[in-house]
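Take a look at the structure set out below.
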Amino acid sequence: MLDAHQDLFVKQFCGEGLPTWTAKRETFPAPLKVKLRYDDKGFPLLEDCLKTEFGKFYLTFDVMKLQKDFFTN
């Protein structure tokens with residue numbers, strides 16, 4: 001089931017809404033100076049994600065690219 005709002009799209013970007021196969025983490029969380037630890041599958045730990053204001057992640061390169069790709073395709 002597709003969640004109608006993207007909430008940063010995927011788990012790789014501290015979000016949810018789309019399946020993980022729909023995006024690839026390349027530079028996340030750049031350009032933010034945020035320290036994130038990752039689990040053995042390469043997903044950021046939720047406890048680390050929650051230390052940063054949610055909306056700031058929309059300014060990351062990977063999220064902006066995915067948003068552009070999603071809405072222009």
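Chain lettering (A, B, ...) mirrors the order of the structure tokens, residue numbering begins at 1 for each chain separately, and ligand numbering begins at 1 in order of display.
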Neighbours of Leu46 (chain A) within 12 Å (only C-alpha atoms; same-chain residues fewer than 5 positions away dropped), as a compact mmCIF listing (two decimals) with N, CA and C atoms, in the first residue's frame?
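Saved as result.txt:
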```txt
# COMPACT_ATOMS: atom_id res chain seq x y z
N LYS A 11 13.14 4.65 4.22
CA LYS A 11 13.88 4.43 5.46
C LYS A 11 15.33 4.90 5.36
N GLN A 12 15.92 4.83 4.17
CA GLN A 12 17.31 5.26 3.97
C GLN A 12 17.50 6.74 4.32
N PHE A 13 16.40 7.52 4.23
CA PHE A 13 16.45 8.96 4.47
C PHE A 13 15.70 9.33 5.74
N CYS A 14 15.67 8.43 6.72
CA CYS A 14 14.97 8.65 7.99
C CYS A 14 13.47 8.85 7.77
N GLY A 15 12.93 8.21 6.77
CA GLY A 15 11.52 8.40 6.46
C GLY A 15 10.75 7.11 6.29
N GLU A 16 9.60 7.26 5.68
CA GLU A 16 8.72 6.13 5.39
C GLU A 16 7.75 6.56 4.30
N LEU A 36 24.89 10.26 11.86
CA LEU A 36 23.96 9.15 11.90
C LEU A 36 24.73 7.84 11.95
N ARG A 37 24.25 6.94 12.77
CA ARG A 37 24.77 5.57 12.77
C ARG A 37 23.82 4.73 11.93
N TYR A 38 24.33 3.65 11.36
CA TYR A 38 23.55 2.82 10.47
C TYR A 38 23.52 1.38 10.96
N ASP A 39 22.39 0.71 10.69
CA ASP A 39 22.28 -0.69 11.08
C ASP A 39 22.99 -1.56 10.05
N LYS A 51 16.92 12.78 16.53
CA LYS A 51 17.68 13.85 17.18
C LYS A 51 17.72 15.12 16.33
N THR A 52 17.31 15.02 15.08
CA THR A 52 17.30 16.15 14.16
C THR A 52 15.86 16.48 13.80
N PHE A 54 12.76 16.89 11.92
CA PHE A 54 12.32 16.13 10.75
C PHE A 54 12.43 16.92 9.44
```
Quiz item: Where in chain A does DSSP assign alpha helix (DSSP H), given as JSON, numbers by chain?
Solution: {"A": [46, 47, 48, 49, 61, 62, 63, 64, 65, 66, 67, 68, 69, 70, 71, 72]}
Quiz item: CA of Thr27 (chain A) and CA of Lys68 (chain A), how far apart in Å?
Solution: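 So the two atoms, CA of Lys68 (chain A) and CA of Thr27 (chain A), lie 15.9 Å apart.
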Quiz item: Using only C-alpha atoms, which of A:Thr60, A:Thr72, A:Thr20, A:Gln67 sits nearest Lys41 (chain A)?
Solution: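 Closest candidate: A:Thr20.
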Quiz item: CA of Leu50 (chain A) and CA of Pro19 (chain A), how far apart in Å?
Solution: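 If I compute the distance from CA of Pro19 (chain A) to CA of Leu50 (chain A), I get 20.3 Å.
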Exercise. Quick one: everything within 12 Å of Pro31 (chain A), counting only C-alpha atoms, minus sequence neighbours fewer than 5 positions away in the same chain. Send it as a PyMOL selection string.
Key: chain A and resi 26+56-64
Practice problem: Rank nothing, just name the residue among A:Val10, A:Gly55, A:Phe43, A:Asp69 nearest to Thr22 (chain A), using only C-alpha atoms. | Solution: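 Checking each of A:Val10, A:Gly55, A:Phe43, A:Asp69 against Thr22 (chain A), counting only C-alpha atoms, the winner is A:Val10.
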Self-check item: Point-to-point distance from CA of Cys49 (chain A) to CA of Lys65 (chain A), Å rounded to tenths
Solution: 19.4 Å
Quiz item: Hey, which of A:Phe70, A:Asp48, A:Gly42, A:Leu32 ends up closest to Leu18 (chain A)? Count only C-alpha atoms.
Solution: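 The shortest atom-to-atom distance to Leu18 (chain A) comes from A:Phe70.
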